[in-house]
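Take a look at the structure set out below.
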Amino acid sequence: MSNQKFATNALHAGHDTTQTAGTRAVPIYQSTSYVFNNTDHAANLFSLAELGFIYTRLNNPTNQILQDRLAAVEGGVGAVVFASGTSAISTGLLTLLKAGDHIVASSSLYGGTYNLLNVTLPRLGITTTFVDASDPSNFAAAVQDNTRAFFVESLGNPKLDVLDLKGISKEAKAAQVPFIVDNTVATPGLLNPIEHGANLVIHSLTKYIGGQGNSLGGAIIDAGTFDWANGKFPEFTEPSAGYHGLVYHEALGAAAFTFKLILEGLRDFGGALSPFNAFQILQGLETLPVRIKQHSENALALAEWLESRDEVAWVNYPGLKSSQYNDLAKEYLPKGQSGIVTFGVKGGFEAAKQLTDATQIFSLLANIGDTKSLIIHPASTTHQQLNEEQQESAGVTQDLIRLSVGLEDIEDLKADLEQAFASIG
Ligand SMILES: *Cc1c(COP(=O)(O)O)cnc(C)c1O
């Protein structure tokens with residue numbers, strides 16, 4: 001692991017230029033497979049007697065550099081990248097869990113994740129209890145004998161609730177289950193969940209880390225801190241039928257889950273990241289330290305400006321003094337609170353739709369974390385399939401507009417919203 005600081009790791013970690021013909025940029029290894037020296041070499045790679053590249057579904061040199069860099073910036077022992085954030089979450093949970101297992105999750109989650117836990121995984125016998133994550137004791141109260149994971153977002157999308165990660169991690173420890181934190185919105189530039197007790201960190205690389213809205217990707221970073229031999233995870237301590245008798249915990253120690261994600265998760269579910277996307281995401285990661293500061297600065301300025309507008313019913317941004325999460329933001333996000341701002345327009349559902357239709361710089365689309373400013377009305381789009389009660393617990397009200405504040409000049413962003421407010425009268 002690197003001892004260097006975040007901005008340095010974001011530029012250098014994982015890339016030994018002597019291994020890539022001296023190229024200063026990380027090259028794209030656009031190859032599906034790798035030539036073995038001979039059959040003994042091949043046999044050693046398959047049995048893990050030697051580590052090396054076999055097939056790009058399992059690993060690839062460009063992806064490996066991205067993995068090592070993500071592990072460095074989040075402070076993990078290893079990382080695995082996937083085709084999307086959703087692929088990271090589903091493959092991670094399916095590698096960790098089996099039918100009959102149970103998850104305790106925050107009710108304030110990204111819409112796709114909520115659906116995976118609420119509808120799709122129950123079909124496979126994996127159930128979830130959703131709790132109000134603002135009180136860590138709610139997690140303890142929901143634990144069952146078959147609970148095998150806690151799942152939260154460090155900064156909920158789109159509720160923007162900042163969680164007491166230390167408090168929840170204590171409850172996860174008491175329940176002897178891994179604490180999984182989706183850190184997509186906060187990014188490693190503002191928060192490192194592992195420092196607060198997370199065992200596994202998830203990213204949609206599609207958002208701030210890629211940062212330019214051009215490539216899907218996802219990652220799981222393994223803190224290497226979870227005790228897989230605590231009796232609740234026999235798949236780690238007994239010979240694996242899925243990988244010719246390998247005992248993960250014994251053979252791989254702290255990196256047991258990282259390897260299980262590759263050897264079983266990627267092998268069997270196949271959600272590998274394209275090396276071209278890994279290259280694009282590496283370009284983004286290199287400038288994340290400067291971008292996330294500016295996103296945060298622009299978002300705070302715009303949130304404060306929105307609070308002063310008559311057309312606005314309420315504004316939610318954890319950096320605002322008026323936010324119920326401001327104290328937690330000071331503790332967990334002192335460097336900035338990222339680029340998402342939500343607010344309610346007076347006039348409710350219809351006014352919110354009209355405003356969303358009237359912006360010119362803010363693009364109406366379903367994404368966050370782009371350099372360009374984005375806008376969406378979740379109640380009519382991303383969260384339309386939830387009933388009103390589910391929308392409420394996810395923090396989505398009928399009048400809510402979500403902004404992903406980009407890197408444009410702040411005065412132009414204000415002017416764009418001003419003309420949009422004028423157009424709805
Ligand atoms: C977008 C997002 C995801 C899903 O990532 P994809 O790359 O779109 O599959 C998961 N969690 C959060 C918090 C997100 O914003």
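Going by the structure tokens order, chains are called A, B, ..., each with residues numbered from 1, while ligands are numbered from 1 in the order shown.
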Inset, instruction - Name the residues of segment 43-96 of chain A that fall into strand (DSSP E) according to DSSP on the backbone, using the chain letters and numbers of this document, as a list of chain:residue names. - result: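 Put together, the selection reads A:Gly78, A:Ala79, A:Val80, A:Val81, A:Phe82.
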Take the selection from the previous step and output its residues with C-alpha atoms, as a compact mmCIF listing (two decimals), in the first residue's frame.
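Contents of result.txt, as written:
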```
# COMPACT_ATOMS: atom_id res chain seq x y z
CA GLY A 78 -7.49 -4.67 -2.80
CA ALA A 79 -10.18 -3.63 -5.25
CA VAL A 80 -12.11 -5.23 -8.08
CA VAL A 81 -13.69 -3.30 -10.95
CA PHE A 82 -16.93 -4.14 -12.74
```
Inset, instruction - Kindly work out which residues sit at most 6 Å from ligand 1, using only C-alpha atoms and all ligand atoms, and give the list as an NGL selection string. - result: :A and (84-86 or 110 or 157 or 184-185 or 204 or 206 or 216-218)
Inset, instruction - Kindly give the distance, in Å, that separates atom CA of His295 of chain A and atom CA of Ser338 of chain A, rounded to a single decimal. - result: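 Going from atom CA of His295 of chain A over to atom CA of Ser338 of chain A, I get 6.1 Å.
Among the candidate residues A:Leu109, A:Ser240, A:Pro136, A:Tyr34, the one lying nearest to Asp182 of chain A is A:Leu109, with distances computed using only C-alpha atoms.
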Legend entry - Contact residues around Arg148 of chain A with only C-alpha atoms at 9 Å, ignoring same-chain residues under 5 positions, as a PyMOL selection string: chain A and resi 96-97+101-104+143+175-178+232-233
Legend entry - Polymer residues at most 8 Å from Ser107 of chain A, only C-alpha atoms, same-chain spacing of 6 or more positions, as a count of residues only: 7
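For the residues A:Asp370, A:Glu153, A:Asp135, A:Glu74, ranking by smallest atom-to-atom distance to Gly189 of chain A using only C-alpha atoms places A:Glu74 first.
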Inset, instruction - Could you tell me which of A:Gln419, A:Ser90, A:Asn183, A:Thr225 comes closest to Phe362 of chain A if we count only C-alpha atoms? - result: A:Gln419
Please produce, as a Markdown table, a per-residue contact table for segment 267-351 of chain A versus segment 402-418 of chain A (criterion: any atom at most 12 Å away, only C-alpha atoms considered), showing the nearest atom pair and its distance in Å to one decimal, sorted by chain then residue number.
```
| residue | atom | partner | partner_atom | distance |
| --- | --- | --- | --- | --- |
| A:Val290 | CA | A:Leu407 | CA | 10.7 |
| A:Arg291 | CA | A:Leu407 | CA | 7.7 |
| A:Ile292 | CA | A:Leu407 | CA | 9.4 |
| A:Lys293 | CA | A:Leu407 | CA | 10.0 |
| A:Gln294 | CA | A:Leu407 | CA | 6.6 |
| A:His295 | CA | A:Gly406 | CA | 5.9 |
| A:Ser296 | CA | A:Val405 | CA | 8.2 |
| A:Glu297 | CA | A:Ile410 | CA | 9.4 |
| A:Asn298 | CA | A:Ile410 | CA | 6.1 |
| A:Ala299 | CA | A:Val405 | CA | 5.6 |
| A:Leu300 | CA | A:Val405 | CA | 9.4 |
| A:Ala301 | CA | A:Ile410 | CA | 7.6 |
| A:Leu302 | CA | A:Lys414 | CA | 7.0 |
| A:Ala303 | CA | A:Val405 | CA | 9.8 |
| A:Glu304 | CA | A:Lys414 | CA | 10.9 |
| A:Trp305 | CA | A:Lys414 | CA | 7.8 |
| A:Leu306 | CA | A:Lys414 | CA | 8.6 |
| A:Ser308 | CA | A:Lys414 | CA | 11.7 |
| A:Arg309 | CA | A:Glu418 | CA | 9.3 |
| A:Asp310 | CA | A:Glu418 | CA | 11.1 |
| A:Glu311 | CA | A:Glu418 | CA | 9.8 |
| A:Val312 | CA | A:Leu417 | CA | 11.2 |
| A:Val315 | CA | A:Arg402 | CA | 10.2 |
| A:Asn316 | CA | A:Arg402 | CA | 9.6 |
| A:Tyr317 | CA | A:Leu403 | CA | 10.5 |
| A:Gln337 | CA | A:Val405 | CA | 11.6 |
| A:Ser338 | CA | A:Val405 | CA | 8.8 |
| A:Gly339 | CA | A:Val405 | CA | 5.1 |
| A:Ile340 | CA | A:Ser404 | CA | 4.6 |
| A:Val341 | CA | A:Leu403 | CA | 5.2 |
| A:Thr342 | CA | A:Arg402 | CA | 4.5 |
| A:Phe343 | CA | A:Arg402 | CA | 6.8 |
| A:Gly344 | CA | A:Arg402 | CA | 9.1 |
| A:Val345 | CA | A:Arg402 | CA | 11.0 |
```
Legend entry - Interatomic distance, atom CA of Gly210 of chain A to atom CA of Leu386 of chain A (Å, one decimal):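 Distance reported for this atom pair: 28.7 Å.
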Inset, instruction - Select from segment 3-225 of chain A everything DSSP, run on the backbone, classes as alpha helix (DSSP H), then give the selection as a ChimeraX atom specification. - result: /A:6-12,39-47,61-74,85-96,111-115,121-123,137-142,165-175
Legend entry - All residues 8 Å or closer to Val152 of chain A, only C-alpha atoms, same chain fewer than 2 positions away omitted, as a list in words: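 In the requested format, the answer is Ala105, Ser106, Ser108, Leu109, Ala133, Phe150, Ser154, Gly156, Ile180, Val181 and Asp182 of chain A.
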Kindly export the residues of the current selection with all heavy atoms, as a compact mmCIF listing (two decimals), in the first residue's frame.
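Result went into selection.txt, see below:
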```txt
# COMPACT_ATOMS: atom_id res chain seq x y z
N ALA A 105 -30.45 -2.71 5.57
CA ALA A 105 -30.01 -1.61 4.70
C ALA A 105 -30.71 -0.31 5.07
O ALA A 105 -31.83 -0.32 5.58
CB ALA A 105 -30.31 -1.95 3.24
N SER A 106 -30.03 0.77 4.78
CA SER A 106 -30.65 2.09 4.88
C SER A 106 -31.81 2.17 3.89
O SER A 106 -31.72 1.64 2.78
CB SER A 106 -29.61 3.16 4.53
OG SER A 106 -30.25 4.38 4.26
N SER A 108 -32.64 4.88 2.57
CA SER A 108 -32.28 5.96 1.65
C SER A 108 -31.16 5.48 0.73
O SER A 108 -29.98 5.59 1.03
CB SER A 108 -31.81 7.18 2.46
OG SER A 108 -31.12 8.08 1.64
N LEU A 109 -31.58 4.89 -0.39
CA LEU A 109 -30.62 4.30 -1.33
C LEU A 109 -30.92 4.74 -2.75
O LEU A 109 -32.05 5.10 -3.07
CB LEU A 109 -30.72 2.76 -1.30
CG LEU A 109 -30.30 2.03 -0.03
CD1 LEU A 109 -30.56 0.53 -0.20
CD2 LEU A 109 -28.84 2.27 0.30
N ALA A 133 -31.90 5.16 8.64
CA ALA A 133 -30.46 5.05 8.95
C ALA A 133 -29.97 6.19 9.82
O ALA A 133 -28.79 6.23 10.18
CB ALA A 133 -29.66 5.00 7.65
N PHE A 150 -24.63 -5.34 6.45
CA PHE A 150 -25.29 -4.04 6.55
C PHE A 150 -24.92 -3.28 5.28
O PHE A 150 -23.75 -3.33 4.85
CB PHE A 150 -24.76 -3.23 7.74
CG PHE A 150 -25.26 -3.64 9.10
CD1 PHE A 150 -26.02 -4.79 9.29
CD2 PHE A 150 -24.94 -2.85 10.21
CE1 PHE A 150 -26.46 -5.15 10.56
CE2 PHE A 150 -25.39 -3.21 11.48
CZ PHE A 150 -26.14 -4.36 11.66
N SER A 154 -22.95 6.42 2.05
CA SER A 154 -22.37 7.40 2.98
C SER A 154 -23.06 8.75 2.85
O SER A 154 -23.20 9.49 3.82
CB SER A 154 -20.87 7.54 2.74
OG SER A 154 -20.60 7.80 1.38
N GLY A 156 -26.55 9.68 1.00
CA GLY A 156 -27.66 9.05 0.27
C GLY A 156 -28.05 9.82 -0.98
O GLY A 156 -28.07 11.05 -0.99
N ILE A 180 -21.04 -2.59 4.55
CA ILE A 180 -20.81 -2.21 3.15
C ILE A 180 -21.30 -0.78 2.95
O ILE A 180 -22.46 -0.47 3.24
CB ILE A 180 -21.57 -3.16 2.21
CG1 ILE A 180 -21.24 -4.62 2.53
CG2 ILE A 180 -21.24 -2.84 0.75
CD1 ILE A 180 -22.08 -5.63 1.74
N VAL A 181 -20.42 0.07 2.43
CA VAL A 181 -20.77 1.48 2.26
C VAL A 181 -20.58 1.88 0.79
O VAL A 181 -19.48 1.79 0.25
CB VAL A 181 -19.90 2.38 3.16
CG1 VAL A 181 -20.25 3.85 2.94
CG2 VAL A 181 -20.07 2.01 4.63
N ASP A 182 -21.67 2.30 0.17
CA ASP A 182 -21.61 2.88 -1.18
C ASP A 182 -21.18 4.34 -1.02
O ASP A 182 -21.90 5.15 -0.45
CB ASP A 182 -22.99 2.75 -1.84
CG ASP A 182 -23.01 3.31 -3.27
OD1 ASP A 182 -22.19 4.19 -3.59
OD2 ASP A 182 -23.89 2.87 -4.05
```
Inset, instruction - Could you jot down the atom CA of Gly92 of chain A to atom CA of Ile220 of chain A separation for me, Å, one decimal place? - result: 7.5 Å
Legend entry - Nearest-residue call for Gln354 of chain A, choices A:Gly369, A:Ile424, A:Phe276, A:His383, using only C-alpha atoms: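 Checking each candidate against Gln354 of chain A, we get A:Ile424 as the closest.
Counting only C-alpha atoms, Glu388 of chain A has the following residues at most 12 Å away, ignoring those fewer than 6 positions along the same chain: Ala379, Ser380, Ala394, Gly395, Val396, Thr397 and Gln398 of chain A.
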Inset, instruction - Using only C-alpha atoms, find the one residue out of A:Ile401, A:Ala254, A:Ala329, A:Ala219 that sits nearest to Gly271 of chain A. - result: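 The answer is A:Ala219, which sits nearest to Gly271 of chain A.
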Legend entry - Surrounding residues of Ile168 of chain A excluding itself and chain neighbours under 5 positions, 10 Å, only C-alpha atoms, as a ChimeraX atom specification: /A:133-140,150-152,163,173-174,179,196-198
Those selected residues, please, written with N, CA and C atoms and delivered as a CSV table (one decimal), in the first residue's frame.
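Done, and the output landed in again05.csv:
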```
chain,number,residue,atom,x,y,z
A,133,ALA,N,-31.9,5.2,8.6
A,133,ALA,CA,-30.5,5.1,8.9
A,133,ALA,C,-30.0,6.2,9.8
A,134,SER,N,-30.9,7.1,10.2
A,134,SER,CA,-30.4,8.3,11.0
A,134,SER,C,-30.1,7.9,12.4
A,135,ASP,N,-30.5,6.7,12.8
A,135,ASP,CA,-30.2,6.2,14.2
A,135,ASP,C,-29.6,4.8,14.1
A,136,PRO,N,-28.3,4.7,14.4
A,136,PRO,CA,-27.6,3.4,14.3
A,136,PRO,C,-28.3,2.3,15.1
A,137,SER,N,-29.0,2.6,16.1
A,137,SER,CA,-29.6,1.5,16.9
A,137,SER,C,-30.8,0.8,16.1
A,138,ASN,N,-31.3,1.5,15.0
A,138,ASN,CA,-32.3,0.9,14.1
A,138,ASN,C,-31.7,-0.3,13.4
A,139,PHE,N,-30.4,-0.3,13.1
A,139,PHE,CA,-29.7,-1.4,12.5
A,139,PHE,C,-29.6,-2.6,13.4
A,140,ALA,N,-29.2,-2.3,14.7
A,140,ALA,CA,-29.1,-3.4,15.7
A,140,ALA,C,-30.5,-4.1,15.9
A,150,PHE,N,-24.6,-5.3,6.5
A,150,PHE,CA,-25.3,-4.0,6.6
A,150,PHE,C,-24.9,-3.3,5.3
A,151,PHE,N,-25.9,-2.6,4.7
A,151,PHE,CA,-25.6,-1.8,3.5
A,151,PHE,C,-26.1,-0.4,3.6
A,152,VAL,N,-25.3,0.6,3.3
A,152,VAL,CA,-25.7,2.0,3.4
A,152,VAL,C,-25.0,2.8,2.3
A,163,LEU,N,-24.6,9.9,7.1
A,163,LEU,CA,-24.8,8.9,8.1
A,163,LEU,C,-23.7,8.9,9.2
A,173,LYS,N,-20.2,-4.5,13.7
A,173,LYS,CA,-19.2,-5.3,14.4
A,173,LYS,C,-19.9,-6.2,15.5
A,174,ALA,N,-20.8,-5.6,16.2
A,174,ALA,CA,-21.5,-6.3,17.3
A,174,ALA,C,-22.3,-7.5,16.6
A,179,PHE,N,-19.8,-4.5,7.0
A,179,PHE,CA,-20.4,-3.2,6.8
A,179,PHE,C,-20.0,-2.6,5.4
A,196,HIS,N,-13.8,4.9,9.0
A,196,HIS,CA,-14.9,4.9,10.0
A,196,HIS,C,-15.5,3.6,10.2
A,197,GLY,N,-14.8,2.5,9.8
A,197,GLY,CA,-15.2,1.2,10.1
A,197,GLY,C,-15.9,0.4,9.0
A,198,ALA,N,-15.9,0.9,7.8
A,198,ALA,CA,-16.5,0.1,6.6
A,198,ALA,C,-15.6,-1.0,6.3
```
How close does each residue of segment 162-269 of chain A get to segment 277-282 of chain A, giving the shortest atom pair and distance in Å to one decimal for every residue with an atom at most 7 Å away, counting only C-alpha atoms, sorted by chain and residue number, as a Markdown table?
```
| residue | atom | partner | partner_atom | distance |
| --- | --- | --- | --- | --- |
| A:Leu205 | CA | A:Ile281 | CA | 6.9 |
| A:Ile209 | CA | A:Ile281 | CA | 6.6 |
| A:Gly210 | CA | A:Ile281 | CA | 4.2 |
| A:Ser215 | CA | A:Asn277 | CA | 5.7 |
```
